[in-house]
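See below for target.tsv, which holds TSV, C-alpha atoms.
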```tsv
chain	number	residue	atom	x	y	z
A	1	MET	CA	-35.66	123.79	-28.57
A	2	ALA	CA	-39.31	122.85	-28.93
A	3	LEU	CA	-40.04	119.87	-31.14
A	4	LYS	CA	-43.26	121.44	-32.26
A	5	ASP	CA	-43.34	123.35	-35.50
A	6	SER	CA	-44.34	126.97	-34.74
A	7	VAL	CA	-46.73	127.07	-37.70
A	8	HIS	CA	-48.48	123.70	-37.43
A	9	ASN	CA	-47.86	123.18	-33.69
A	10	ARG	CA	-46.69	119.60	-34.18
A	11	PRO	CA	-43.29	117.90	-34.12
A	12	SER	CA	-41.43	116.83	-37.25
A	13	SER	CA	-40.33	113.23	-37.87
A	14	ALA	CA	-36.74	114.50	-38.11
A	15	ALA	CA	-36.94	116.15	-34.65
A	16	LEU	CA	-38.37	112.92	-33.18
A	17	ALA	CA	-35.51	110.90	-34.72
A	18	LEU	CA	-32.97	113.30	-33.20
A	19	TRP	CA	-34.46	112.80	-29.72
A	20	LEU	CA	-34.36	109.02	-30.10
A	21	GLN	CA	-30.68	109.24	-31.09
A	22	LYS	CA	-29.97	110.76	-27.67
A	23	VAL	CA	-31.23	107.60	-25.94
A	24	PRO	CA	-28.75	104.68	-26.27
A	25	TYR	CA	-31.30	102.03	-25.24
A	26	ALA	CA	-33.87	103.31	-27.78
A	27	MET	CA	-31.20	102.99	-30.48
A	28	PHE	CA	-30.24	99.53	-29.18
A	29	LEU	CA	-33.87	98.42	-29.64
A	30	GLY	CA	-34.11	100.21	-33.02
A	31	ILE	CA	-37.25	102.15	-32.02
A	32	LYS	CA	-38.60	104.47	-34.71
A	33	ALA	CA	-41.01	107.40	-34.42
A	34	GLU	CA	-42.87	109.08	-37.26
A	35	LEU	CA	-45.75	111.45	-37.69
A	36	CYS	CA	-48.99	109.76	-38.73
A	37	GLU	CA	-51.75	112.31	-39.30
A	38	THR	CA	-51.98	114.07	-35.92
A	39	ASP	CA	-50.48	111.16	-33.96
A	40	ILE	CA	-46.97	109.88	-33.45
A	41	LEU	CA	-46.59	106.26	-34.54
A	42	PHE	CA	-43.84	104.32	-32.77
A	43	THR	CA	-42.38	101.11	-34.22
A	44	LEU	CA	-40.37	98.34	-32.58
A	45	PRO	CA	-38.94	96.45	-35.57
A	46	GLU	CA	-39.17	92.65	-35.75
A	47	ASP	CA	-35.99	91.23	-34.25
A	48	LYS	CA	-35.13	87.70	-33.08
A	49	ARG	CA	-33.08	89.24	-30.27
A	50	PHE	CA	-36.37	90.30	-28.60
A	51	ILE	CA	-37.77	86.76	-28.22
A	52	GLY	CA	-38.79	85.84	-24.69
A	53	ASN	CA	-40.57	82.55	-25.43
A	54	PRO	CA	-38.68	80.59	-28.11
A	55	SER	CA	-41.31	77.83	-28.38
A	56	LEU	CA	-44.16	80.05	-29.67
A	57	PRO	CA	-42.11	82.18	-30.56
A	58	ALA	CA	-43.24	85.33	-28.73
A	59	LEU	CA	-41.49	88.59	-27.91
A	60	HIS	CA	-40.31	89.15	-24.32
A	61	GLY	CA	-43.01	90.99	-22.36
A	62	GLY	CA	-40.34	93.20	-20.85
A	63	VAL	CA	-39.17	94.50	-24.22
A	64	ILE	CA	-42.78	95.36	-25.15
A	65	GLY	CA	-43.00	97.29	-21.86
A	66	ALA	CA	-39.68	99.05	-22.46
A	67	PHE	CA	-40.81	100.04	-25.97
A	68	MET	CA	-44.11	101.42	-24.62
A	69	GLU	CA	-42.34	103.37	-21.88
A	70	GLN	CA	-39.95	104.92	-24.40
A	71	ALA	CA	-42.89	105.77	-26.68
A	72	ALA	CA	-44.66	107.48	-23.77
A	73	ALA	CA	-41.57	109.50	-22.81
A	74	LEU	CA	-41.01	110.78	-26.34
A	75	HIS	CA	-44.72	111.47	-26.82
A	76	LEU	CA	-44.59	113.65	-23.70
A	77	ILE	CA	-41.38	115.40	-24.81
A	78	ALA	CA	-43.01	116.18	-28.17
A	79	ASN	CA	-45.80	117.97	-26.32
A	80	MET	CA	-43.54	120.13	-24.13
A	81	ASP	CA	-42.89	123.79	-24.79
A	82	ASN	CA	-39.39	123.34	-23.37
A	83	PRO	CA	-38.49	119.70	-24.06
A	84	THR	CA	-36.58	117.96	-21.25
A	85	LEU	CA	-36.10	114.32	-20.33
A	86	PRO	CA	-39.04	113.38	-18.05
A	87	LYS	CA	-38.55	110.98	-15.12
A	88	ILE	CA	-40.75	107.90	-14.93
A	89	ILE	CA	-42.66	107.65	-11.62
A	90	ASN	CA	-44.54	104.44	-12.25
A	91	PHE	CA	-45.63	102.21	-15.06
A	92	SER	CA	-48.52	99.76	-15.17
A	93	LEU	CA	-48.79	97.25	-17.95
A	94	ASP	CA	-51.56	94.82	-18.93
A	95	TYR	CA	-50.65	92.04	-21.34
A	96	LEU	CA	-53.58	91.08	-23.54
A	97	ARG	CA	-52.13	88.88	-26.29
A	98	PRO	CA	-48.68	87.35	-26.89
A	99	ALA	CA	-46.60	89.48	-29.26
A	100	ARG	CA	-45.41	87.47	-32.24
A	101	LEU	CA	-42.14	87.84	-34.08
A	102	ARG	CA	-43.08	90.81	-36.27
A	103	ASP	CA	-43.12	94.62	-36.10
A	104	THR	CA	-44.89	96.07	-33.05
A	105	TYR	CA	-46.54	99.50	-33.05
A	106	ALA	CA	-47.49	101.92	-30.30
A	107	LYS	CA	-49.56	105.07	-29.99
A	108	CYS	CA	-49.94	107.26	-26.91
A	109	LEU	CA	-52.59	109.51	-25.42
A	110	LEU	CA	-51.46	112.34	-23.16
A	111	SER	CA	-54.37	112.12	-20.75
A	112	ARG	CA	-53.14	114.92	-18.51
A	113	GLN	CA	-50.17	117.25	-18.76
A	114	GLY	CA	-49.71	118.96	-15.41
A	115	ARG	CA	-47.01	121.37	-14.31
A	116	PHE	CA	-45.02	118.58	-12.66
A	117	ILE	CA	-46.84	115.33	-13.34
A	118	SER	CA	-48.17	113.91	-16.58
A	119	HIS	CA	-50.31	110.84	-17.27
A	120	ILE	CA	-49.97	108.93	-20.53
A	121	SER	CA	-51.87	105.89	-21.86
A	122	ILE	CA	-50.11	103.65	-24.34
A	123	THR	CA	-51.51	101.03	-26.71
A	124	ALA	CA	-49.26	98.48	-28.44
A	125	TRP	CA	-50.44	96.28	-31.28
A	126	GLN	CA	-49.14	94.23	-34.19
A	127	GLU	CA	-51.84	93.46	-36.78
A	128	ASN	CA	-54.81	95.53	-35.70
A	129	ILE	CA	-55.00	98.44	-33.24
A	130	ASP	CA	-58.42	97.13	-32.13
A	131	GLN	CA	-56.73	93.94	-30.93
A	132	PRO	CA	-53.91	95.35	-28.82
A	133	ASN	CA	-51.13	93.13	-27.50
A	134	ALA	CA	-50.68	95.33	-24.45
A	135	ILE	CA	-52.04	98.52	-22.92
A	136	ALA	CA	-50.18	100.54	-20.33
A	137	ARG	CA	-50.21	103.80	-18.47
A	138	ALA	CA	-47.33	105.82	-17.12
A	139	HIS	CA	-46.89	108.76	-14.77
A	140	PHE	CA	-43.93	111.03	-15.47
A	141	LEU	CA	-42.36	113.77	-13.40
A	142	THR	CA	-41.39	116.77	-15.47
A	143	PRO	CA	-38.29	118.56	-14.14
A	144	GLU	CA	-38.87	122.14	-13.10
A	145	HIS	CA	-37.40	124.71	-15.42
A	146	LYS	CA	-34.57	126.73	-13.92
B	1	MET	CA	-43.81	66.73	-7.01
B	2	PRO	CA	-42.20	67.42	-3.60
B	3	VAL	CA	-40.82	70.85	-2.68
B	4	LEU	CA	-37.63	71.49	-4.64
B	5	SER	CA	-34.34	72.27	-2.91
B	6	ASN	CA	-32.44	75.50	-3.63
B	7	SER	CA	-29.99	73.66	-5.90
B	8	GLN	CA	-32.79	71.97	-7.87
B	9	LYS	CA	-34.55	75.31	-8.34
B	10	TYR	CA	-31.23	76.93	-9.32
B	11	ASN	CA	-30.65	74.36	-12.07
B	12	LEU	CA	-34.23	74.67	-13.32
B	13	VAL	CA	-34.20	78.48	-13.39
B	14	LYS	CA	-30.75	78.59	-15.01
B	15	ILE	CA	-31.88	76.31	-17.86
B	16	MET	CA	-35.01	78.45	-18.39
B	17	ASN	CA	-33.11	81.75	-18.20
B	18	ASP	CA	-30.41	80.60	-20.62
B	19	HIS	CA	-33.04	79.61	-23.20
B	20	ILE	CA	-34.58	83.08	-23.38
B	21	PRO	CA	-32.87	85.03	-26.18
B	22	HIS	CA	-33.73	88.48	-24.83
B	23	ALA	CA	-32.45	87.63	-21.34
B	24	ALA	CA	-29.18	86.44	-22.90
B	25	LEU	CA	-28.95	89.62	-25.02
B	26	LEU	CA	-29.10	91.78	-21.90
B	27	GLY	CA	-26.70	89.47	-20.05
B	28	ILE	CA	-29.27	88.59	-17.34
B	29	GLU	CA	-27.88	85.83	-15.07
B	30	VAL	CA	-29.22	83.80	-12.18
B	31	GLU	CA	-27.58	85.16	-9.03
B	32	CYS	CA	-29.07	82.97	-6.30
B	33	ILE	CA	-32.12	81.24	-4.92
B	34	ASP	CA	-33.03	81.32	-1.26
B	35	GLY	CA	-36.14	79.26	-0.58
B	36	GLU	CA	-38.92	80.84	-2.63
B	37	GLU	CA	-36.95	84.01	-3.42
B	38	LEU	CA	-35.16	84.24	-6.77
B	39	THR	CA	-32.45	86.84	-7.47
B	40	LEU	CA	-31.26	87.71	-10.99
B	41	LYS	CA	-28.43	90.06	-11.99
B	42	LEU	CA	-28.24	92.48	-14.91
B	43	PRO	CA	-24.70	93.69	-15.72
B	44	TYR	CA	-24.41	97.43	-16.50
B	45	GLN	CA	-23.92	98.14	-20.21
B	46	THR	CA	-23.65	101.52	-21.91
B	47	VAL	CA	-26.12	100.42	-24.63
B	48	LEU	CA	-28.81	100.12	-21.93
B	49	VAL	CA	-28.53	103.77	-20.87
B	50	GLY	CA	-31.59	106.02	-20.97
B	51	ASP	CA	-30.03	109.36	-20.02
B	52	SER	CA	-26.71	109.63	-21.85
B	53	ASP	CA	-25.64	112.77	-19.91
B	54	ALA	CA	-26.02	111.01	-16.55
B	55	GLY	CA	-25.14	107.50	-17.80
B	56	THR	CA	-28.12	106.04	-15.94
B	57	LEU	CA	-30.04	102.96	-17.12
B	58	HIS	CA	-33.29	103.30	-19.06
B	59	GLY	CA	-36.43	102.61	-17.01
B	60	GLY	CA	-37.43	100.05	-19.64
B	61	VAL	CA	-34.36	97.96	-18.82
B	62	LEU	CA	-35.73	97.58	-15.29
B	63	THR	CA	-39.06	96.51	-16.81
B	64	VAL	CA	-37.29	93.70	-18.69
B	65	LEU	CA	-35.31	92.62	-15.61
B	66	LEU	CA	-38.32	92.74	-13.28
B	67	ASP	CA	-40.65	90.98	-15.75
B	68	GLN	CA	-38.03	88.25	-16.10
B	69	THR	CA	-37.38	87.94	-12.35
B	70	LEU	CA	-41.00	88.00	-11.20
B	71	GLY	CA	-42.01	85.65	-14.02
B	72	MET	CA	-39.31	83.10	-13.21
B	73	ALA	CA	-39.96	83.38	-9.46
B	74	THR	CA	-43.21	81.53	-10.19
B	75	VAL	CA	-41.27	78.26	-10.58
B	76	CYS	CA	-39.58	78.87	-7.19
B	77	SER	CA	-42.91	78.89	-5.36
B	78	ASP	CA	-43.40	75.91	-3.06
B	79	ALA	CA	-47.17	76.46	-3.15
B	80	SER	CA	-47.65	75.40	-6.77
B	81	GLU	CA	-45.95	73.12	-9.26
B	82	PRO	CA	-43.98	74.62	-12.18
B	83	SER	CA	-46.34	75.68	-14.94
B	84	VAL	CA	-46.49	77.69	-18.16
B	85	THR	CA	-47.16	81.18	-16.79
B	86	PRO	CA	-47.65	84.14	-19.13
B	87	THR	CA	-47.68	87.60	-17.52
B	88	LEU	CA	-51.15	89.03	-16.91
B	89	ASP	CA	-50.03	92.42	-15.64
B	90	LEU	CA	-47.02	94.17	-14.18
B	91	ARG	CA	-46.73	97.42	-12.23
B	92	ILE	CA	-43.45	99.13	-11.45
B	93	ASP	CA	-42.78	102.01	-9.05
B	94	HIS	CA	-39.52	103.76	-9.88
B	95	LEU	CA	-38.27	104.73	-6.41
B	96	ARG	CA	-34.95	106.28	-7.40
B	97	VAL	CA	-32.61	106.48	-10.38
B	98	ALA	CA	-30.30	103.49	-10.86
B	99	PRO	CA	-26.71	104.72	-10.23
B	100	ALA	CA	-24.57	104.91	-13.38
B	101	GLY	CA	-22.09	102.08	-13.92
B	102	MET	CA	-23.59	99.71	-11.36
B	103	ASP	CA	-24.91	96.17	-11.93
B	104	ILE	CA	-28.55	95.74	-10.96
B	105	PHE	CA	-30.04	92.89	-8.96
B	106	ALA	CA	-33.70	91.94	-8.79
B	107	SER	CA	-35.31	89.66	-6.19
B	108	ALA	CA	-38.85	88.32	-6.31
B	109	ARG	CA	-41.15	85.78	-4.71
B	110	VAL	CA	-44.70	84.54	-5.10
B	111	TYR	CA	-46.69	85.89	-2.14
B	112	LYS	CA	-49.95	84.17	-3.01
B	113	ALA	CA	-50.69	81.25	-5.27
B	114	THR	CA	-54.23	80.33	-6.23
B	115	ARG	CA	-55.31	77.56	-8.59
B	116	LYS	CA	-55.13	79.86	-11.63
B	117	ILE	CA	-53.19	82.98	-10.57
B	118	LEU	CA	-49.76	83.60	-9.02
B	119	PHE	CA	-49.32	86.98	-7.31
B	120	VAL	CA	-45.68	88.05	-7.29
B	121	GLU	CA	-43.72	90.90	-5.70
B	122	GLY	CA	-40.15	91.99	-6.33
B	123	PHE	CA	-37.53	94.71	-5.99
B	124	ALA	CA	-34.60	95.97	-8.06
B	125	TYR	CA	-31.54	97.30	-6.20
B	126	CYS	CA	-27.79	97.87	-6.47
B	127	GLU	CA	-25.84	97.88	-3.24
B	128	SER	CA	-28.51	96.83	-0.80
B	129	LYS	CA	-32.02	95.40	-0.81
B	130	ASP	CA	-32.81	98.03	1.83
B	131	ASN	CA	-32.40	100.82	-0.72
B	132	PRO	CA	-34.40	99.63	-3.74
B	133	ILE	CA	-34.40	101.33	-7.14
B	134	ALA	CA	-37.79	99.94	-8.11
B	135	ARG	CA	-40.64	97.88	-6.68
B	136	ALA	CA	-42.74	95.63	-8.88
B	137	THR	CA	-45.94	93.66	-8.41
B	138	GLY	CA	-47.69	91.54	-10.96
B	139	SER	CA	-49.81	88.51	-11.61
B	140	TRP	CA	-49.06	85.44	-13.69
B	141	VAL	CA	-51.57	82.97	-15.07
B	142	ARG	CA	-51.17	79.23	-14.61
B	143	VAL	CA	-52.07	78.07	-18.11
B	144	ALA	CA	-51.02	74.43	-17.99
B	145	ASP	CA	-48.96	72.25	-15.74
B	146	VAL	CA	-45.72	71.25	-17.33
B	147	ASP	CA	-43.81	68.23	-16.24
B	148	LEU	CA	-40.40	69.71	-15.61
B	149	SER	CA	-39.24	66.84	-13.45
B	150	TRP	CA	-36.88	65.68	-16.21
B	151	LEU	CA	-35.04	69.00	-15.80
B	152	VAL	CA	-34.59	68.52	-12.10
B	153	PRO	CA	-31.40	66.66	-11.17
B	154	PRO	CA	-31.22	64.58	-7.99
B	155	ASP	CA	-30.67	66.80	-4.96
B	156	LYS	CA	-27.01	67.03	-3.96
B	157	GLY	CA	-27.50	69.55	-1.18
B	158	THR	CA	-27.84	73.30	-1.30
B	159	VAL	CA	-25.83	75.58	-3.61
```

Show me the file's structure as structure tokens.
Amino acid sequence: MALKDSVHNRPSSAALALWLQKVPYAMFLGIKAELCETDILFTLPEDKRFIGNPSLPALHGGVIGAFMEQAAALHLIANMDNPTLPKIINFSLDYLRPARLRDTYAKCLLSRQGRFISHISITAWQENIDQPNAIARAHFLTPEHK
Amino acid sequence: MPVLSNSQKYNLVKIMNDHIPHAALLGIEVECIDGEELTLKLPYQTVLVGDSDAGTLHGGVLTVLLDQTLGMATVCSDASEPSVTPTLDLRIDHLRVAPAGMDIFASARVYKATRKILFVEGFAYCESKDNPIARATGSWVRVADVDLSWLVPPDKGTV
């Protein structure tokens, strides 16, 4: 079933939530996805369990990366005509600022959607999208339809 | 500070690892240290699954494990003294899917240390290092030297 609404050609927040519920690790992290104008806004809620540096405190860089990868995967799924779980090929992550103990947001740009391979850029921020905490890009392999 | 022995590095890395809440949450443990190479272990847990039909781990779990392993491998380098080292960047190639139900190991070492930057490489694997699940490279910044000598017990031989 396509996530995209046939009339407005965009996914619904309810359909995004259903996809997240299929992913145990996304539920474990409490990741949320909602429509925000024409974009999908992803949220990693503030949680002390995500601390990687207790002295600052700052969130674990790995959990920021995991959140961004999950955001990218769901962003890609939401843009598929026949949604399937894509396979990550590689992931490259630049850390720009330490992430503090508060909500973290992510938005994605589907730079290229090929028949087999897609490229997605991801930005994660906390206070201001113009001062991102991390930017990343991911390549995904889309399974062939049988 | 002279080059640390395996047992001194093990104690240092274990104290650091056990003080990181997110590492504890995922059950990440120090497996072993061999010279400059650090190996951590992540026990399989169903809450860490990405594909619930296949039962395979989420790619993001490998990101956490590899970020942790490569980052902590910086204190195992004999070329530089332990320092506060935030991650500058991390790249992961996902070479194959992690088998369902299997614990994951990750090994990493600093392959080049400059005055400001530590370049690190590592692998994640299950049964054998020769058949890796993922390969990671990244760089860590030496922000400030930290005197960790108080953490280092007298050497009592290798672990």

Separation of atom CA of Tyr95 of chain A from atom CA of Gly71 of chain B, in Å and rounded to one decimal: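 Taking atom CA of Tyr95 of chain A as the start and atom CA of Gly71 of chain B as the end point, the length is 13.0 Å.
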
field: Contact set, chain A to chain B: 9 Å, all atoms listed in the file, as a ChimeraX atom specification
entry: /A:22-28,48-54,59-70,85,87-96,98

- prompt: If you measure from atom CA of Ala98 of chain B to atom CA of Val30 of chain B, what distance in Å do you get, rounded to one decimal?
  reply: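 Computed distance, atom CA of Ala98 of chain B to atom CA of Val30 of chain B, equals 19.8 Å.
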
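Here atom CA of Asp103 of chain B is placed at a distance of 25.0 Å from atom CA of Ala138 of chain A.
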
query: Near segment 104-111 of chain B, counting all atoms listed in the file, which residues have an atom at most 10 Å away, once you skip same-chain residues fewer than 3 positions from it, shown as a PyMOL selection string?
result: chain B and resi 28-44+57+62+65-80+98-99+101+118-129+132-140

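If all atoms listed in the file are the atoms counted, then among B:Val141, B:Ala54, B:Ala100, B:Val84 the closest residue to Lys116 of chain B is B:Val141.
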
task: Please provide as a list in words all residues within 9 Å of His75 of chain A, with the sequence filter that same-chain residues fewer than 5 positions apart are discarded (counting all atoms listed in the file).
output: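 Neighbouring residues, sequence-local ones excluded: Ile40, Gln70, Lys107, Cys108, Leu109, Leu110 and Ile120 of chain A.
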
Shell around Asp130 of chain A at 12 Å using all atoms listed in the file, local window under 6 positions removed, as an mmCIF file with C-alpha atoms, in the frame of the given file:
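Result file follows (out-v6.cif):
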```
data_model
loop_
_atom_site.group_PDB
_atom_site.id
_atom_site.type_symbol
_atom_site.label_atom_id
_atom_site.label_comp_id
_atom_site.auth_asym_id
_atom_site.auth_seq_id
_atom_site.Cartn_x
_atom_site.Cartn_y
_atom_site.Cartn_z
ATOM 1 C CA LEU A 96 -53.580 91.080 -23.540
ATOM 2 C CA ARG A 97 -52.130 88.880 -26.290
ATOM 3 C CA THR A 123 -51.510 101.030 -26.710
ATOM 4 C CA ALA A 124 -49.260 98.480 -28.440
#
```

Name all residues at most 10 Å from Arg112 of chain A (count all atoms listed in the file; drop same-chain ones fewer than 4 positions away) and give them as a tab-separated table (two decimals) with C-alpha atoms, in the coordinates of the input.
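The file below, selection-v1.tsv, is the result:
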```
chain	number	residue	atom	x	y	z
A	117	ILE	CA	-46.84	115.33	-13.34
A	118	SER	CA	-48.17	113.91	-16.58
A	119	HIS	CA	-50.31	110.84	-17.27
A	120	ILE	CA	-49.97	108.93	-20.53
A	121	SER	CA	-51.87	105.89	-21.86
A	139	HIS	CA	-46.89	108.76	-14.77
```

Draw an axis-aligned box over all listed atoms of segment 93-100 of chain A, pad each side with 6 Å, and write its centre and edge lengths in Å, one decimal, as lines of an AutoDock Vina configuration file.
```
center_x = -49.5
center_y = 92.3
center_z = -25.1
size_x = 20.2
size_y = 21.9
size_z = 26.3
```

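Every protein, DNA or RNA residue with an atom at most 10 Å from Gly114 of chain A, where all atoms listed in the file count and chain neighbours fewer than 5 positions away do not, is listed here: His119, Phe140, Leu141 and Thr142 of chain A.
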